[in-house]
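> Input structure: start-v6.cif, which contains mmCIF, C-alpha atoms.
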```cif
data_structure
loop_
_atom_site.group_PDB
_atom_site.id
_atom_site.type_symbol
_atom_site.label_atom_id
_atom_site.label_comp_id
_atom_site.auth_asym_id
_atom_site.auth_seq_id
_atom_site.Cartn_x
_atom_site.Cartn_y
_atom_site.Cartn_z
ATOM 1 C CA MET A 496 0.000 0.000 0.000
ATOM 2 C CA LEU A 497 1.388 3.408 -1.012
ATOM 3 C CA ARG A 498 -0.272 5.310 1.868
ATOM 4 C CA PRO A 499 -0.756 3.725 5.285
ATOM 5 C CA ILE A 500 -4.112 5.315 6.145
ATOM 6 C CA LEU A 501 -5.708 6.479 2.879
ATOM 7 C CA GLY A 502 -4.563 3.561 0.754
ATOM 8 C CA ASP A 503 -3.803 3.511 -2.968
ATOM 9 C CA PHE A 504 -6.950 5.093 -4.389
ATOM 10 C CA SER A 505 -8.159 8.680 -4.568
ATOM 11 C CA SER A 506 -11.464 10.097 -5.749
ATOM 12 C CA ILE A 507 -12.395 10.635 -9.378
ATOM 13 C CA ILE A 508 -13.525 14.093 -8.284
ATOM 14 C CA CYS A 509 -9.927 15.205 -7.724
ATOM 15 C CA PHE A 510 -8.623 13.639 -10.951
ATOM 16 C CA LYS A 511 -11.364 15.318 -12.963
ATOM 17 C CA ALA A 512 -10.746 18.612 -11.198
ATOM 18 C CA ALA A 513 -7.106 18.349 -12.266
ATOM 19 C CA ILE A 514 -8.222 17.794 -15.866
ATOM 20 C CA THR A 515 -10.710 20.663 -15.930
ATOM 21 C CA GLY A 516 -8.189 22.919 -14.166
ATOM 22 C CA MET A 517 -5.575 22.134 -16.812
ATOM 23 C CA GLU A 518 -8.128 22.786 -19.541
ATOM 24 C CA GLU A 519 -8.946 26.135 -17.972
ATOM 25 C CA ALA A 520 -5.272 27.148 -17.780
ATOM 26 C CA LEU A 521 -3.788 25.569 -20.902
ATOM 27 C CA GLY A 522 -6.776 24.999 -23.192
ATOM 28 C CA GLU A 523 -8.524 21.752 -24.113
ATOM 29 C CA LYS A 524 -6.173 20.861 -26.945
ATOM 30 C CA ALA A 525 -2.886 21.212 -25.075
ATOM 31 C CA THR A 526 -4.413 19.383 -22.106
ATOM 32 C CA ALA A 527 -5.628 16.561 -24.320
ATOM 33 C CA ILE A 528 -2.164 16.159 -25.866
ATOM 34 C CA ALA A 529 -0.500 16.101 -22.450
ATOM 35 C CA LEU A 530 -2.980 13.612 -20.978
ATOM 36 C CA THR A 531 -2.833 11.333 -24.008
ATOM 37 C CA ALA A 532 0.976 11.363 -23.882
ATOM 38 C CA ALA A 533 0.862 10.655 -20.134
ATOM 39 C CA GLY A 534 -1.536 7.782 -20.747
ATOM 40 C CA ARG A 535 0.675 6.279 -23.445
ATOM 41 C CA TYR A 536 3.628 6.393 -21.092
ATOM 42 C CA ARG A 537 1.580 4.679 -18.387
ATOM 43 C CA GLY A 538 0.341 2.072 -20.876
ATOM 44 C CA LYS A 539 3.850 1.249 -22.049
ATOM 45 C CA THR A 540 5.051 0.911 -18.481
ATOM 46 C CA LEU A 541 2.130 -1.369 -17.629
ATOM 47 C CA ALA A 542 2.807 -3.525 -20.694
ATOM 48 C CA GLN A 543 6.414 -3.934 -19.563
ATOM 49 C CA GLU A 544 5.314 -4.768 -16.013
ATOM 50 C CA LEU A 545 2.923 -7.392 -17.347
ATOM 51 C CA ASP A 546 5.598 -8.708 -19.715
ATOM 52 C CA LEU A 547 3.370 -8.097 -22.735
ATOM 53 C CA ALA A 548 6.034 -6.581 -24.996
ATOM 54 C CA ASN A 549 6.200 -8.271 -28.401
ATOM 55 C CA SER A 550 3.899 -11.039 -27.194
ATOM 56 C CA SER A 551 1.742 -13.032 -29.572
ATOM 57 C CA MET A 552 -1.289 -13.545 -27.352
ATOM 58 C CA SER A 553 -4.829 -13.497 -28.710
ATOM 59 C CA LEU A 554 -6.919 -10.339 -28.463
ATOM 60 C CA GLU A 555 -9.168 -12.124 -25.966
ATOM 61 C CA GLU A 556 -6.212 -12.877 -23.708
ATOM 62 C CA LEU A 557 -4.962 -9.312 -24.122
ATOM 63 C CA ALA A 558 -8.392 -7.940 -23.137
ATOM 64 C CA ASP A 559 -8.218 -10.051 -19.954
ATOM 65 C CA LYS A 560 -4.721 -8.787 -19.182
ATOM 66 C CA LEU A 561 -5.768 -5.181 -19.831
ATOM 67 C CA ASP A 562 -8.835 -5.565 -17.663
ATOM 68 C CA HIS A 563 -6.650 -7.030 -14.954
ATOM 69 C CA GLY A 564 -4.360 -3.986 -15.157
ATOM 70 C CA PHE A 565 -6.953 -1.247 -15.560
ATOM 71 C CA GLY A 566 -10.152 -2.795 -14.193
ATOM 72 C CA LYS A 567 -11.627 -3.800 -10.856
ATOM 73 C CA ASP A 568 -8.557 -5.756 -9.749
ATOM 74 C CA GLY A 569 -6.156 -3.155 -11.128
ATOM 75 C CA THR A 570 -6.013 0.632 -10.994
ATOM 76 C CA ARG A 571 -9.736 1.009 -11.792
ATOM 77 C CA LEU A 572 -9.207 3.329 -14.748
ATOM 78 C CA CYS A 573 -11.896 1.512 -16.732
ATOM 79 C CA ILE A 574 -13.357 -1.911 -17.473
ATOM 80 C CA VAL A 575 -11.958 -3.455 -20.660
ATOM 81 C CA GLU A 576 -14.873 -5.415 -22.103
ATOM 82 C CA LYS A 577 -13.429 -6.743 -25.360
ATOM 83 C CA ILE A 578 -10.926 -6.142 -28.133
ATOM 84 C CA VAL A 579 -11.818 -6.845 -31.736
ATOM 85 C CA GLN A 580 -9.858 -6.540 -34.962
ATOM 86 C CA GLU A 581 -11.406 -5.460 -38.254
ATOM 87 C CA ASP A 582 -9.887 -5.910 -41.727
ATOM 88 C CA ASN A 583 -6.545 -6.818 -40.167
ATOM 89 C CA GLU A 584 -5.891 -3.082 -39.862
ATOM 90 C CA VAL A 585 -8.200 -1.645 -37.206
ATOM 91 C CA ILE A 586 -8.231 -2.668 -33.551
ATOM 92 C CA LYS A 587 -11.251 -1.630 -31.504
ATOM 93 C CA VAL A 588 -11.125 -1.684 -27.724
ATOM 94 C CA HIS A 589 -14.528 -1.604 -26.004
ATOM 95 C CA THR A 590 -14.491 -0.190 -22.490
ATOM 96 C CA SER A 591 -17.008 0.856 -19.868
ATOM 97 C CA GLU A 592 -16.988 2.894 -16.670
ATOM 98 C CA THR A 593 -14.092 4.965 -17.965
ATOM 99 C CA LEU A 594 -12.743 7.507 -15.521
ATOM 100 C CA CYS A 595 -13.050 10.273 -18.128
ATOM 101 C CA SER A 596 -16.768 9.727 -18.733
ATOM 102 C CA ALA A 597 -17.686 9.368 -15.058
ATOM 103 C CA ASP A 598 -20.125 11.991 -13.750
ATOM 104 C CA GLU A 599 -20.481 13.612 -17.180
ATOM 105 C CA PRO A 600 -24.000 14.529 -18.359
ATOM 106 C CA GLN A 601 -25.483 12.671 -21.342
ATOM 107 C CA GLY A 602 -24.613 14.536 -24.515
ATOM 108 C CA SER A 603 -21.370 15.889 -23.081
ATOM 109 C CA GLN A 604 -18.665 16.324 -25.730
ATOM 110 C CA ARG A 605 -15.935 15.163 -23.352
ATOM 111 C CA LYS A 606 -13.439 12.748 -24.903
ATOM 112 C CA CYS A 607 -11.346 10.213 -23.051
ATOM 113 C CA THR A 608 -7.729 11.247 -23.384
ATOM 114 C CA TYR A 609 -5.770 9.632 -20.572
ATOM 115 C CA THR A 610 -7.684 6.338 -20.945
ATOM 116 C CA LEU A 611 -7.192 6.403 -24.721
ATOM 117 C CA GLY A 612 -3.479 6.961 -24.220
ATOM 118 C CA ALA A 613 -3.128 4.229 -21.606
ATOM 119 C CA ILE A 614 -4.678 1.594 -23.868
ATOM 120 C CA TRP A 615 -2.760 2.975 -26.848
ATOM 121 C CA GLY A 616 0.535 2.572 -24.986
ATOM 122 C CA VAL A 617 -0.215 -1.033 -24.040
ATOM 123 C CA LEU A 618 -1.159 -1.964 -27.614
ATOM 124 C CA GLU A 619 1.908 -0.300 -29.147
ATOM 125 C CA GLU A 620 4.214 -2.046 -26.703
ATOM 126 C CA THR A 621 2.453 -5.399 -27.072
ATOM 127 C CA PHE A 622 2.411 -5.422 -30.869
ATOM 128 C CA ASN A 623 5.651 -3.455 -31.304
ATOM 129 C CA GLN A 624 3.779 -1.382 -33.859
ATOM 130 C CA ARG A 625 3.078 2.336 -34.135
ATOM 131 C CA LEU A 626 -0.633 3.049 -34.011
ATOM 132 C CA GLN A 627 -2.940 6.018 -34.410
ATOM 133 C CA GLY A 628 -5.661 6.079 -31.767
ATOM 134 C CA LYS A 629 -9.057 7.760 -31.605
ATOM 135 C CA HIS A 630 -12.011 7.766 -29.243
ATOM 136 C CA THR A 631 -14.772 6.872 -31.692
ATOM 137 C CA GLU A 632 -17.845 5.957 -29.622
ATOM 138 C CA SER A 633 -18.878 7.306 -26.255
ATOM 139 C CA ILE A 634 -21.447 6.242 -23.685
ATOM 140 C CA LEU A 635 -22.094 9.976 -23.316
ATOM 141 C CA ARG A 636 -23.218 10.212 -26.929
ATOM 142 C CA GLY A 637 -25.447 7.184 -27.412
ATOM 143 C CA GLY A 638 -22.871 4.381 -27.452
ATOM 144 C CA ASN A 639 -23.020 1.225 -25.356
ATOM 145 C CA TYR A 640 -19.294 1.461 -24.685
ATOM 146 C CA ASP A 641 -16.449 3.927 -24.877
ATOM 147 C CA VAL A 642 -14.693 2.589 -27.963
ATOM 148 C CA PHE A 643 -11.071 3.333 -28.820
ATOM 149 C CA GLU A 644 -10.036 2.656 -32.373
ATOM 150 C CA PHE A 645 -6.434 2.069 -33.399
ATOM 151 C CA THR A 646 -5.068 1.944 -36.920
ATOM 152 C CA LYS A 647 -1.589 0.813 -37.873
ATOM 153 C CA LEU A 648 0.855 3.457 -39.048
ATOM 154 C CA SER A 649 3.400 2.470 -41.651
ATOM 155 C CA MET B 71 -3.930 8.529 -47.381
ATOM 156 C CA ILE B 72 -0.798 10.374 -46.248
ATOM 157 C CA ASN B 73 2.398 9.063 -47.812
ATOM 158 C CA VAL B 74 4.724 8.931 -44.823
ATOM 159 C CA SER B 75 7.823 8.054 -46.830
ATOM 160 C CA MET B 76 7.382 11.137 -49.042
ATOM 161 C CA LEU B 77 7.092 13.293 -45.921
ATOM 162 C CA GLN B 78 10.201 11.668 -44.506
ATOM 163 C CA ASP B 79 12.125 12.304 -47.760
ATOM 164 C CA GLU B 80 11.010 15.937 -47.836
ATOM 165 C CA LEU B 81 12.132 16.478 -44.247
ATOM 166 C CA GLN B 82 15.443 14.727 -44.906
ATOM 167 C CA ASN B 83 16.086 16.949 -47.953
ATOM 168 C CA PHE B 84 15.174 20.049 -45.972
ATOM 169 C CA VAL B 85 17.499 19.208 -43.085
ATOM 170 C CA SER B 86 20.438 18.116 -45.202
ATOM 171 C CA GLY B 87 19.998 20.891 -47.769
ATOM 172 C CA THR B 88 19.623 23.871 -45.450
ATOM 173 C CA SER B 89 22.688 25.186 -43.685
ATOM 174 C CA ASP B 90 22.525 25.351 -39.882
ATOM 175 C CA VAL B 91 19.304 23.336 -39.746
ATOM 176 C CA GLN B 92 19.964 20.439 -37.388
ATOM 177 C CA GLY B 93 16.665 18.599 -37.378
ATOM 178 C CA ALA B 94 12.957 18.712 -38.109
ATOM 179 C CA ALA B 95 9.817 16.877 -37.165
ATOM 180 C CA LEU B 96 6.323 16.826 -38.601
ATOM 181 C CA VAL B 97 3.673 16.152 -36.032
ATOM 182 C CA SER B 98 -0.099 15.672 -36.072
ATOM 183 C CA PRO B 99 -2.151 18.239 -34.113
ATOM 184 C CA ASP B 100 -2.833 15.576 -31.465
ATOM 185 C CA GLY B 101 0.888 15.095 -30.870
ATOM 186 C CA LEU B 102 1.729 12.035 -32.946
ATOM 187 C CA ALA B 103 4.958 12.054 -34.971
ATOM 188 C CA LEU B 104 4.334 11.728 -38.728
ATOM 189 C CA ALA B 105 7.964 11.995 -39.842
ATOM 190 C CA SER B 106 11.144 13.217 -38.268
ATOM 191 C CA VAL B 107 14.844 13.790 -38.783
ATOM 192 C CA LEU B 108 16.081 14.527 -35.291
ATOM 193 C CA PRO B 109 19.558 14.657 -33.766
ATOM 194 C CA GLY B 110 20.557 11.470 -31.935
ATOM 195 C CA GLY B 111 19.276 11.126 -28.393
ATOM 196 C CA MET B 112 16.049 13.062 -28.932
ATOM 197 C CA ASP B 113 12.923 11.085 -28.182
ATOM 198 C CA GLU B 114 10.586 11.344 -31.183
ATOM 199 C CA GLU B 115 7.369 10.724 -29.253
ATOM 200 C CA ARG B 116 8.160 13.222 -26.520
ATOM 201 C CA THR B 117 9.263 15.818 -29.072
ATOM 202 C CA ALA B 118 6.014 15.308 -31.004
ATOM 203 C CA ALA B 119 3.802 15.726 -27.939
ATOM 204 C CA MET B 120 5.751 18.796 -26.792
ATOM 205 C CA SER B 121 5.617 20.423 -30.228
ATOM 206 C CA ALA B 122 1.875 20.004 -30.705
ATOM 207 C CA SER B 123 1.021 21.166 -27.192
ATOM 208 C CA MET B 124 3.432 24.118 -27.459
ATOM 209 C CA LEU B 125 1.838 25.356 -30.681
ATOM 210 C CA SER B 126 -1.624 24.865 -29.223
ATOM 211 C CA LEU B 127 -0.625 26.734 -26.094
ATOM 212 C CA GLY B 128 0.921 29.505 -28.194
ATOM 213 C CA GLU B 129 -2.299 29.856 -30.172
ATOM 214 C CA ARG B 130 -4.234 30.093 -26.906
ATOM 215 C CA ILE B 131 -1.853 32.757 -25.628
ATOM 216 C CA GLY B 132 -2.315 34.618 -28.906
ATOM 217 C CA ARG B 133 -6.078 34.602 -28.394
ATOM 218 C CA GLU B 134 -6.150 35.315 -24.641
ATOM 219 C CA LEU B 135 -3.625 38.124 -24.858
ATOM 220 C CA VAL B 136 -5.165 39.498 -28.046
ATOM 221 C CA ARG B 137 -2.025 39.006 -30.158
ATOM 222 C CA GLY B 138 -3.927 37.818 -33.218
ATOM 223 C CA ASN B 139 -3.110 34.704 -35.205
ATOM 224 C CA VAL B 140 0.174 33.085 -34.261
ATOM 225 C CA GLU B 141 2.597 32.931 -37.177
ATOM 226 C CA ARG B 142 5.322 30.946 -35.440
ATOM 227 C CA ILE B 143 6.680 30.089 -32.016
ATOM 228 C CA VAL B 144 10.410 30.484 -31.507
ATOM 229 C CA VAL B 145 12.422 29.031 -28.650
ATOM 230 C CA GLU B 146 15.793 30.774 -28.581
ATOM 231 C CA GLY B 147 18.454 29.130 -26.451
ATOM 232 C CA GLU B 148 22.202 29.540 -26.137
ATOM 233 C CA LYS B 149 22.734 26.566 -28.451
ATOM 234 C CA GLY B 150 20.220 27.520 -31.099
ATOM 235 C CA TYR B 151 16.598 27.795 -32.119
ATOM 236 C CA GLY B 152 13.472 25.680 -32.091
ATOM 237 C CA VAL B 153 10.828 27.016 -34.477
ATOM 238 C CA LEU B 154 7.251 25.764 -34.522
ATOM 239 C CA VAL B 155 4.810 26.572 -37.310
ATOM 240 C CA ALA B 156 1.437 25.230 -38.368
ATOM 241 C CA CYS B 157 1.675 23.191 -41.560
ATOM 242 C CA GLY B 158 -1.870 23.514 -42.821
ATOM 243 C CA SER B 159 -4.544 22.347 -40.389
ATOM 244 C CA ASP B 160 -3.242 18.785 -40.275
ATOM 245 C CA ALA B 161 0.279 19.113 -38.955
ATOM 246 C CA VAL B 162 2.828 21.073 -36.983
ATOM 247 C CA LEU B 163 6.396 21.518 -38.212
ATOM 248 C CA LEU B 164 9.266 21.756 -35.740
ATOM 249 C CA VAL B 165 12.629 22.967 -37.033
ATOM 250 C CA LEU B 166 15.843 22.938 -34.986
ATOM 251 C CA ALA B 167 18.658 25.252 -36.007
ATOM 252 C CA GLY B 168 22.085 26.189 -34.671
ATOM 253 C CA ALA B 169 22.833 29.451 -32.871
ATOM 254 C CA GLY B 170 24.757 30.811 -35.871
ATOM 255 C CA VAL B 171 21.811 30.764 -38.264
ATOM 256 C CA LYS B 172 20.481 34.033 -39.668
ATOM 257 C CA GLN B 173 16.942 34.309 -38.295
ATOM 258 C CA GLY B 174 15.442 35.878 -41.400
ATOM 259 C CA LEU B 175 16.883 33.163 -43.627
ATOM 260 C CA LEU B 176 15.707 30.458 -41.257
ATOM 261 C CA PHE B 177 12.144 31.772 -41.212
ATOM 262 C CA LEU B 178 12.167 32.008 -45.005
ATOM 263 C CA GLU B 179 13.415 28.426 -45.375
ATOM 264 C CA VAL B 180 10.800 27.221 -42.887
ATOM 265 C CA LYS B 181 8.088 29.005 -44.856
ATOM 266 C CA ARG B 182 9.299 27.352 -48.077
ATOM 267 C CA ALA B 183 9.413 23.950 -46.379
ATOM 268 C CA VAL B 184 5.806 24.395 -45.226
ATOM 269 C CA ALA B 185 4.786 25.239 -48.802
ATOM 270 C CA ARG B 186 6.424 22.002 -50.046
ATOM 271 C CA ILE B 187 5.094 19.795 -47.257
ATOM 272 C CA SER B 188 1.480 21.048 -47.075
ATOM 273 C CA PRO B 189 0.414 19.541 -50.439
ATOM 274 C CA LEU B 190 1.749 16.145 -49.298
ATOM 275 C CA LEU B 191 -0.695 16.220 -46.396
ATOM 276 C CA ALA B 192 -3.737 16.948 -48.545
#
```
Show me the file's structure as structure tokens.


Amino acid sequence: MLRPILGDFSSIICFKAAITGMEEALGEKATAIALTAAGRYRGKTLAQELDLANSSMSLEELADKLDHGFGKDGTRLCIVEKIVQEDNEVIKVHTSETLCSADEPQGSQRKCTYTLGAIWGVLEETFNQRLQGKHTESILRGGNYDVFEFTKLS
Amino acid sequence: MINVSMLQDELQNFVSGTSDVQGAALVSPDGLALASVLPGGMDEERTAAMSASMLSLGERIGRELVRGNVERIVVEGEKGYGVLVACGSDAVLLVLAGAGVKQGLLFLEVKRAVARISPLLA
């Protein structure tokens, strides 16, 4: 445990306040870039900790590993529901209960940046492949999941 | 679809063909490196994220402090310059140059490089 009394977890309220405070000071775009980069760094570190680098596991196994790292038994960033591949080019990661979407009103235009980056970092490290990532579906805008889509970069 | 190898070639030609230019990187607005020719030891991903957020921050400063549209952002250090310019709406160009470069010439070469690179992003 990192803190003897308060333990390892802190409230989403403070994390989101940090995000909105950064947006207020630096603008949404610069904040999004910083949070996505921070997430990618975290994702790469997690992939190394879980010994996923250059592994050839199935997407189902990877989804389990990711959920273990980020989900209920991990850091509770989000639940990783499934990972699917389309046309051998596009990888879609379906998540729920993302930290970024928590407590946001329906219809909010908020995009997941840190969560996108964290998953992005894990995938890049696992597949040893540069990817371009986007948040394509949101539970805040009619989706059943927060979906992150990754395409391979040459 | 963007032809990354053409972008890489264009950057390579720009860096090797322009005196005192030491490196360059082309970055997407969300901070992803598209192509780069950077001096050894520089982390491409970190440089890309810094460049995109710096330009975005500069544009915000331009708006908040009523400075109008930002033409370029220049970091001037004792060892040289880092110049950031928008390359159309789809990319940011970072150019690194030595301290001995003539500023006017550098800005002109950067402008010409943007004119050559922008069509490749269309």

> Record the distance separating atom CA of B:Gly101 and atom CA of A:Ile507, expressed in Å with one decimal.

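These atoms are spaced 25.7 Å apart.
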
> Of the candidates A:Leu618, A:Gln627, A:Thr610, A:Lys560, which one gets nearest to chain B if we count only C-alpha atoms?

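When distances to chain B are compared using only C-alpha atoms, the smallest one comes from A:Gln627.
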
> Emit as JSON the padded axis-aligned box for all listed atoms of stretch 629-646 of chain A, 8 Å per side, with centre and edge lengths in Å to one decimal.


```
{"center_x": -15.3, "center_y": 5.7, "center_z": -30.1, "size_x": 36.4, "size_y": 25.0, "size_z": 29.6}
```

> Tell me which of A:Thr540, A:Thr608, A:Ser551, A:Asn583 sits closest to chain B, counting all atoms listed in the file.

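Selected residue with least distance to chain B: A:Thr608.
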
> Residue by residue, what does the PyMOL selection byres ((chain B and resi 75) around 12) grab here? Present the result as a PyMOL selection string.

(chain A and resi 648-649) or (chain B and resi 71-74+76-82+104-106+190-191)

> Could you name the residues that touch B:Ile131 at 12 Å or less, counting all atoms listed in the file, but leaving out those on the same chain fewer than 3 positions away, as a VMD selection string?

(chain A and resid 520 to 522 525) or (chain B and resid 124 to 128 134 to 140 143)

> Compare A:Gly502, A:Gly602, A:Gly534, A:Gly566 by their minimum atom-to-atom distance to chain B, counting all atoms listed in the file, and give me the closest one.

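Once distances to chain B are computed over all atoms listed in the file, the minimum belongs to A:Gly534.
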
> Show me, as a PyMOL selection string, every residue of chain A with an atom at most 12 Å from chain B, counting all atoms listed in the file.

chain A and resi 517-536+608+612+615-616+625-629+648-649

> List as a PyMOL selection string the protein and nucleic acid residues near B:Val85, meaning an atom at most 8 Å away when all atoms listed in the file are counted, but skip any in the same chain fewer than 6 places from it.

chain B and resi 91-94+107

> Restrict the selected residues to C-alpha atoms and save them as a CSV table (one decimal), keeping the file's coordinate frame.


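Produced file again.csv, reproduced below:
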```
chain,number,residue,atom,x,y,z
B,91,VAL,CA,19.3,23.3,-39.7
B,92,GLN,CA,20.0,20.4,-37.4
B,93,GLY,CA,16.7,18.6,-37.4
B,94,ALA,CA,13.0,18.7,-38.1
B,107,VAL,CA,14.8,13.8,-38.8
```

> What does the structure give for the distance between atom CA of A:Lys511 and atom CA of A:Cys595, in Å to one decimal?

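Atom CA of A:Lys511 sits 7.4 Å away from atom CA of A:Cys595.
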
> Do you know which residues lie at most 12 Å from (-12.1, -3.9, -31.6), with coordinates as in the file and all atoms listed in the file counted, and could you write them as a PDB file with C-alpha atoms, in the coordinates of the input?


```pdb
ATOM      1  CA  LEU A 554      -6.919 -10.339 -28.463  1.00  0.00           C
ATOM      2  CA  GLU A 555      -9.168 -12.124 -25.966  1.00  0.00           C
ATOM      3  CA  LEU A 557      -4.962  -9.312 -24.122  1.00  0.00           C
ATOM      4  CA  ALA A 558      -8.392  -7.940 -23.137  1.00  0.00           C
ATOM      5  CA  VAL A 575     -11.958  -3.455 -20.660  1.00  0.00           C
ATOM      6  CA  GLU A 576     -14.873  -5.415 -22.103  1.00  0.00           C
ATOM      7  CA  LYS A 577     -13.429  -6.743 -25.360  1.00  0.00           C
ATOM      8  CA  ILE A 578     -10.926  -6.142 -28.133  1.00  0.00           C
ATOM      9  CA  VAL A 579     -11.818  -6.845 -31.736  1.00  0.00           C
ATOM     10  CA  GLN A 580      -9.858  -6.540 -34.962  1.00  0.00           C
ATOM     11  CA  GLU A 581     -11.406  -5.460 -38.254  1.00  0.00           C
ATOM     12  CA  ASP A 582      -9.887  -5.910 -41.727  1.00  0.00           C
ATOM     13  CA  ASN A 583      -6.545  -6.818 -40.167  1.00  0.00           C
ATOM     14  CA  GLU A 584      -5.891  -3.082 -39.862  1.00  0.00           C
ATOM     15  CA  VAL A 585      -8.200  -1.645 -37.206  1.00  0.00           C
ATOM     16  CA  ILE A 586      -8.231  -2.668 -33.551  1.00  0.00           C
ATOM     17  CA  LYS A 587     -11.251  -1.630 -31.504  1.00  0.00           C
ATOM     18  CA  VAL A 588     -11.125  -1.684 -27.724  1.00  0.00           C
ATOM     19  CA  HIS A 589     -14.528  -1.604 -26.004  1.00  0.00           C
ATOM     20  CA  THR A 590     -14.491  -0.190 -22.490  1.00  0.00           C
ATOM     21  CA  LEU A 618      -1.159  -1.964 -27.614  1.00  0.00           C
ATOM     22  CA  GLY A 628      -5.661   6.079 -31.767  1.00  0.00           C
ATOM     23  CA  HIS A 630     -12.011   7.766 -29.243  1.00  0.00           C
ATOM     24  CA  THR A 631     -14.772   6.872 -31.692  1.00  0.00           C
ATOM     25  CA  GLU A 632     -17.845   5.957 -29.622  1.00  0.00           C
ATOM     26  CA  TYR A 640     -19.294   1.461 -24.685  1.00  0.00           C
ATOM     27  CA  ASP A 641     -16.449   3.927 -24.877  1.00  0.00           C
ATOM     28  CA  VAL A 642     -14.693   2.589 -27.963  1.00  0.00           C
ATOM     29  CA  PHE A 643     -11.071   3.333 -28.820  1.00  0.00           C
ATOM     30  CA  GLU A 644     -10.036   2.656 -32.373  1.00  0.00           C
ATOM     31  CA  PHE A 645      -6.434   2.069 -33.399  1.00  0.00           C
ATOM     32  CA  THR A 646      -5.068   1.944 -36.920  1.00  0.00           C
TER      33      THR A 646
END
```

> I need the residue set behind the PyMOL selection byres ((chain B and resi 180) around 9) for this file; please write it as a ChimeraX atom specification.

/B:84,153,155,163,165,175-179,181-185

> For atom CA of A:Cys509 and atom CA of A:Gly637, determine how far apart the two atoms are, in Å to one decimal place.

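Value for the atom CA of A:Cys509-atom CA of A:Gly637 distance: 26.3 Å.
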
> So, with all atoms listed in the file as the atoms that count, which of A:Lys647, A:Lys539, A:Lys606, A:Arg571 lies closest to A:Ser506?

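The closest residue to A:Ser506 is A:Arg571.
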
> Please provide as a list in words all residues within 6 Å of A:Val617, with the sequence filter that same-chain residues fewer than 2 positions apart are discarded (counting all atoms listed in the file).

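Near neighbours after the sequence-gap exclusion: Gly538, Lys539, Ala542, Ile614, Trp615, Glu619, Glu620 and Thr621 of chain A.
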
> So, counting all atoms listed in the file, which residue among B:Gly132, B:Ala161, B:Thr117, B:Asn83 is closest to B:Ser98?

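Selected residue with least distance to B:Ser98: B:Ala161.
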
> Evaluated on this file, the PyMOL selection byres ((chain B and resi 152) around 8) picks out some residues - which ones are they, written as a PyMOL selection string?

chain B and resi 144-146+150-151+153-154+164-167

> Point out the residue among B:Met112, B:Cys157, B:Ala169, B:Val162 with the least atom-to-atom distance to B:Ser188, counting only C-alpha atoms.

B:Cys157
